[in-house]
Protein chains: 2
Amino acid sequence: MVVETVPSQAEVDQIFHALADATRRDILERVIGREQSVSTLGRAYAMSLPAVQKHVGVLERAGLVSKHRAGREQHVRAEPERIALARELLGRYEELWRTRIAAMDRLLAEDPTEQKE
Amino acid sequence: MVVETVPSQAEVDQIFHALADATRRDILERVIGREQSVSTLGRAYAMSLPAVQKHVGVLERAGLVSKHRAGREQHVRAEPERIALARELLGRYEELWRTRIAAMDRLLAEDPTEQKE
DNA sequence: CGTTTCTACAACCATCGGGTTGCAGATTAC
DNA sequence: GTAATCTGCAACCCGATGGTTGTAGAAACG
């Protein structure tokens with residue numbers, strides 16, 4: 001069963017903004033289905049650790065990952081439901097597209113001379 | 001049949017960045033299945049026309065809309081395939097998630113004492 | 001023709017984004 | 001206790017973004 005909560009525009013902004021960076025998408029890929037510590041992630045990229053921390057922070061605020069402390073290290077975990085939500089949002093556009101196209105076809109079939117404004 | 005072209009990271013950046021703004025998402029919604037001129041779009045928002053033009057430009061560079069001149073006015077049209085592409089990209093994450101989870105389950109079933117590094 | 005409308009582009013400004021370095025707190029290892 | 005590791009945060013730099021105003025070209029209307 002699909003969760004029916006409608007996220008705010010600001011939340012949607014955050015989700016897509018978080019996805020609009022190759023490093024963040026790569027981090028997301030790495031932690032899907034297998035948690036990784038922040039420092040482990042940090043070693044994977046040619047940038048400073050604070051930079052990676054910031055990326056994780058952006059993903060976390062978007063709800064795409066969550067952090068869980070395990071001793072002195074912090075584990076990053078993907079949140080698949082949030083990813084699914086983003087996909088559903090895009091699905092709405094496609095649904096809207098089909099609806100509009102269908103409506104247009106129906107209109108043309110009913111009365112080819114009329115123009116809907 | 002699904003088009004199998006793999007977009008560059010920069011293209012994916014552009015696509016998600018274009019989607020990370022409420023005004024742009026609204027523009028996209030408006031032009032799905034029904035073209036609209038730039039000035040018509042401009043009248044719909046509480047901002048200057050150049051601002052709306054810029055938003056359309058961002059959507060256009062991301063491939064989510066295209067512009068077509070009709071006399072003196074320019075019509076903006078949504079590109080549903082590009083939206084579908086974005087959705088498929090997110091679908092890859094979910095697929096990866098299922099794959100990883102399945103692999104983990106299989107590993108645990110085969111040898112519960114071993115820990116994969 | 002002149003006027004209006006639709007569009008485009010340049011310049012400017014404030015804010016944000018992604019990167020850096022440096023410092024400090026907690027936890028683990030020795 | 002001391003040292004090493006993992007993390008977090010603040011300050012800073014610079015390029016990109018999102019908005020503005022102003023100017024100008026091209027097409028439609030009178």
# chains A, B, ... in the order shown; residues from 1 in each chain; ligands from 1
>>> interface_residues(of="chain B", to="chain C", cutoff="8 Å", atoms="only C-alpha atoms (C1' of nucleotides)", output="PyMOL selection string")
chain B and resi 39+72-74
>>> write_last_selection(atoms="N, CA, C and O atoms", output="PDB file, in the first residue's frame")
ATOM      1  N   SER B  39       4.553  34.521 -22.829  1.00  0.00           N
ATOM      2  CA  SER B  39       3.878  35.653 -22.179  1.00  0.00           C
ATOM      3  C   SER B  39       2.667  35.180 -21.385  1.00  0.00           C
ATOM      4  O   SER B  39       2.370  35.714 -20.315  1.00  0.00           O
ATOM      5  N   ARG B  72       4.788  35.732 -33.839  1.00  0.00           N
ATOM      6  CA  ARG B  72       5.626  36.529 -32.926  1.00  0.00           C
ATOM      7  C   ARG B  72       5.719  35.900 -31.556  1.00  0.00           C
ATOM      8  O   ARG B  72       6.469  36.337 -30.704  1.00  0.00           O
ATOM      9  N   GLU B  73       4.925  34.902 -31.303  1.00  0.00           N
ATOM     10  CA  GLU B  73       5.010  34.313 -29.964  1.00  0.00           C
ATOM     11  C   GLU B  73       5.666  32.931 -29.994  1.00  0.00           C
ATOM     12  O   GLU B  73       5.661  32.238 -31.013  1.00  0.00           O
ATOM     13  N   GLN B  74       6.231  32.600 -28.836  1.00  0.00           N
ATOM     14  CA  GLN B  74       7.000  31.373 -28.694  1.00  0.00           C
ATOM     15  C   GLN B  74       6.208  30.393 -27.821  1.00  0.00           C
ATOM     16  O   GLN B  74       5.855  30.722 -26.699  1.00  0.00           O
TER      17      GLN B  74
END
>>> interface_residues(of="chain D", to="chain A", cutoff="12 Å", atoms="only C-alpha atoms (C1' of nucleotides)", output="MDAnalysis selection string")
chainID D and resid 5:10
>>> write_last_selection(atoms="all heavy atoms", output="tab-separated table (two decimals), in the first residue's frame")
chain	number	residue	atom	x	y	z
D	5	DT	P	44.95	7.23	13.10
D	5	DT	OP1	45.32	6.09	12.24
D	5	DT	OP2	45.38	8.62	12.77
D	5	DT	O5'	43.37	7.23	13.27
D	5	DT	C5'	42.76	6.18	13.99
D	5	DT	C4'	41.28	6.44	14.16
D	5	DT	O4'	41.07	7.38	15.24
D	5	DT	C3'	40.60	7.04	12.94
D	5	DT	O3'	39.38	6.34	12.71
D	5	DT	C2'	40.33	8.49	13.33
D	5	DT	C1'	40.11	8.34	14.82
D	5	DT	N1	40.36	9.56	15.63
D	5	DT	C2	39.41	9.93	16.55
D	5	DT	O2	38.38	9.31	16.72
D	5	DT	N3	39.73	11.07	17.26
D	5	DT	C4	40.87	11.84	17.14
D	5	DT	O4	41.03	12.84	17.84
D	5	DT	C5	41.81	11.39	16.16
D	5	DT	C7	43.08	12.15	15.94
D	5	DT	C6	41.52	10.28	15.46
D	6	DC	P	38.63	6.45	11.32
D	6	DC	OP1	38.28	5.07	10.91
D	6	DC	OP2	39.39	7.35	10.42
D	6	DC	O5'	37.29	7.19	11.75
D	6	DC	C5'	36.49	6.61	12.77
D	6	DC	C4'	35.43	7.61	13.18
D	6	DC	O4'	36.05	8.64	13.99
D	6	DC	C3'	34.74	8.34	12.02
D	6	DC	O3'	33.33	8.16	12.10
D	6	DC	C2'	35.17	9.79	12.17
D	6	DC	C1'	35.47	9.87	13.67
D	6	DC	N1	36.45	10.94	14.01
D	6	DC	C2	36.17	11.81	15.08
D	6	DC	O2	35.11	11.68	15.70
D	6	DC	N3	37.07	12.77	15.40
D	6	DC	C4	38.20	12.88	14.71
D	6	DC	N4	39.06	13.84	15.07
D	6	DC	C5	38.51	12.00	13.63
D	6	DC	C6	37.61	11.05	13.32
D	7	DT	P	32.36	8.79	11.02
D	7	DT	OP1	31.12	7.98	11.03
D	7	DT	OP2	33.13	8.98	9.78
D	7	DT	O5'	32.02	10.21	11.63
D	7	DT	C5'	31.42	10.28	12.91
D	7	DT	C4'	31.39	11.70	13.42
D	7	DT	O4'	32.74	12.20	13.56
D	7	DT	C3'	30.69	12.71	12.54
D	7	DT	O3'	29.35	12.89	13.00
D	7	DT	C2'	31.52	14.00	12.67
D	7	DT	C1'	32.63	13.60	13.64
D	7	DT	N1	33.96	14.18	13.32
D	7	DT	C2	34.43	15.20	14.11
D	7	DT	O2	33.80	15.66	15.05
D	7	DT	N3	35.67	15.66	13.76
D	7	DT	C4	36.47	15.21	12.73
D	7	DT	O4	37.57	15.71	12.51
D	7	DT	C5	35.92	14.14	11.94
D	7	DT	C7	36.69	13.56	10.78
D	7	DT	C6	34.70	13.67	12.27
D	8	DG	P	28.36	13.90	12.25
D	8	DG	OP1	26.99	13.52	12.66
D	8	DG	OP2	28.75	13.91	10.84
D	8	DG	O5'	28.69	15.33	12.88
D	8	DG	C5'	28.70	15.48	14.29
D	8	DG	C4'	29.05	16.91	14.64
D	8	DG	O4'	30.47	17.11	14.47
D	8	DG	C3'	28.35	17.95	13.75
D	8	DG	O3'	27.74	18.92	14.57
D	8	DG	C2'	29.47	18.53	12.89
D	8	DG	C1'	30.69	18.33	13.79
D	8	DG	N9	31.96	18.20	13.08
D	8	DG	C8	32.23	17.36	12.03
D	8	DG	N7	33.47	17.47	11.60
D	8	DG	C5	34.03	18.43	12.40
D	8	DG	C6	35.34	18.96	12.41
D	8	DG	O6	36.30	18.67	11.68
D	8	DG	N1	35.51	19.93	13.41
D	8	DG	C2	34.53	20.33	14.28
D	8	DG	N2	34.85	21.27	15.16
D	8	DG	N3	33.29	19.84	14.28
D	8	DG	C4	33.12	18.90	13.33
D	9	DC	P	26.73	19.99	13.99
D	9	DC	OP1	25.63	20.09	14.98
D	9	DC	OP2	26.44	19.66	12.58
D	9	DC	O5'	27.54	21.36	14.05
D	9	DC	C5'	28.31	21.68	15.21
D	9	DC	C4'	29.25	22.83	14.91
D	9	DC	O4'	30.45	22.33	14.28
D	9	DC	C3'	28.68	23.89	13.96
D	9	DC	O3'	28.92	25.17	14.50
D	9	DC	C2'	29.46	23.67	12.67
D	9	DC	C1'	30.80	23.20	13.23
D	9	DC	N1	31.64	22.46	12.27
D	9	DC	C2	33.01	22.79	12.16
D	9	DC	O2	33.46	23.69	12.87
D	9	DC	N3	33.77	22.12	11.28
D	9	DC	C4	33.23	21.15	10.52
D	9	DC	N4	34.03	20.50	9.67
D	9	DC	C5	31.85	20.81	10.63
D	9	DC	C6	31.09	21.48	11.50
D	10	DA	P	27.99	26.41	14.07
D	10	DA	OP1	27.02	26.63	15.15
D	10	DA	OP2	27.52	26.20	12.70
D	10	DA	O5'	29.04	27.62	14.07
D	10	DA	C5'	30.23	27.54	14.86
D	10	DA	C4'	31.37	28.24	14.16
D	10	DA	O4'	32.10	27.31	13.32
D	10	DA	C3'	30.93	29.39	13.23
D	10	DA	O3'	31.74	30.52	13.49
D	10	DA	C2'	31.14	28.83	11.84
D	10	DA	C1'	32.31	27.88	12.06
D	10	DA	N9	32.40	26.79	11.09
D	10	DA	C8	31.39	25.95	10.69
D	10	DA	N7	31.77	25.06	9.81
D	10	DA	C5	33.12	25.32	9.61
D	10	DA	C6	34.10	24.72	8.80
D	10	DA	N6	33.84	23.69	7.99
D	10	DA	N1	35.34	25.23	8.83
D	10	DA	C2	35.59	26.26	9.63
D	10	DA	N3	34.75	26.91	10.45
D	10	DA	C4	33.52	26.39	10.39
>>> closest_atom_pairs(of="chain A", to="chain B", cutoff="8 Å", atoms="only C-alpha atoms", output="Markdown table")
| residue | atom | partner | partner_atom | distance |
| --- | --- | --- | --- | --- |
| A:Gln9 | CA | B:Ala22 | CA | 6.2 |
| A:Ala10 | CA | B:Ala22 | CA | 7.9 |
| A:Val12 | CA | B:Ala20 | CA | 6.9 |
| A:Asp13 | CA | B:Ala20 | CA | 4.4 |
| A:Gln14 | CA | B:Ala20 | CA | 6.9 |
| A:Ile15 | CA | B:Ala20 | CA | 7.4 |
| A:Phe16 | CA | B:Ala20 | CA | 4.8 |
| A:His17 | CA | B:Ala20 | CA | 5.1 |
| A:Leu19 | CA | B:Phe16 | CA | 6.1 |
| A:Ala20 | CA | B:Asp13 | CA | 4.4 |
| A:Asp21 | CA | B:Asp13 | CA | 5.6 |
| A:Ala22 | CA | B:Gln9 | CA | 6.2 |
| A:Glu29 | CA | B:Tyr93 | CA | 6.8 |
| A:Ile32 | CA | B:Trp97 | CA | 5.6 |
| A:Gly33 | CA | B:Arg100 | CA | 5.4 |
| A:Arg34 | CA | B:Arg100 | CA | 7.6 |
| A:Pro80 | CA | B:Glu94 | CA | 6.7 |
| A:Ile83 | CA | B:Leu90 | CA | 6.8 |
| A:Ala84 | CA | B:Glu94 | CA | 7.2 |
| A:Ala86 | CA | B:Leu90 | CA | 7.6 |
| A:Arg87 | CA | B:Arg87 | CA | 5.4 |
| A:Leu90 | CA | B:Arg87 | CA | 6.0 |
| A:Gly91 | CA | B:Arg87 | CA | 7.0 |
| A:Tyr93 | CA | B:Glu29 | CA | 6.9 |
| A:Glu94 | CA | B:Pro80 | CA | 6.7 |
| A:Leu96 | CA | B:Ile32 | CA | 7.3 |
| A:Trp97 | CA | B:Gly33 | CA | 5.4 |
| A:Arg98 | CA | B:Gly33 | CA | 7.9 |
| A:Arg100 | CA | B:Gly33 | CA | 5.4 |
| A:Ile101 | CA | B:Gly33 | CA | 5.8 |
>>> select_by_dssp(residues="stretch 38-92 of chain B", states="helix (DSSP H, G or I)", output="count of residues only")
32
>>> select_by_dssp(residues="chain B", states="strand (DSSP E)", output="list of chain:residue names")
B:Gln36, B:Ser37, B:Val65, B:Ser66, B:Lys67, B:His68, B:Arg69, B:Ala70, B:Glu73, B:Gln74, B:His75, B:Val76, B:Arg77, B:Ala78
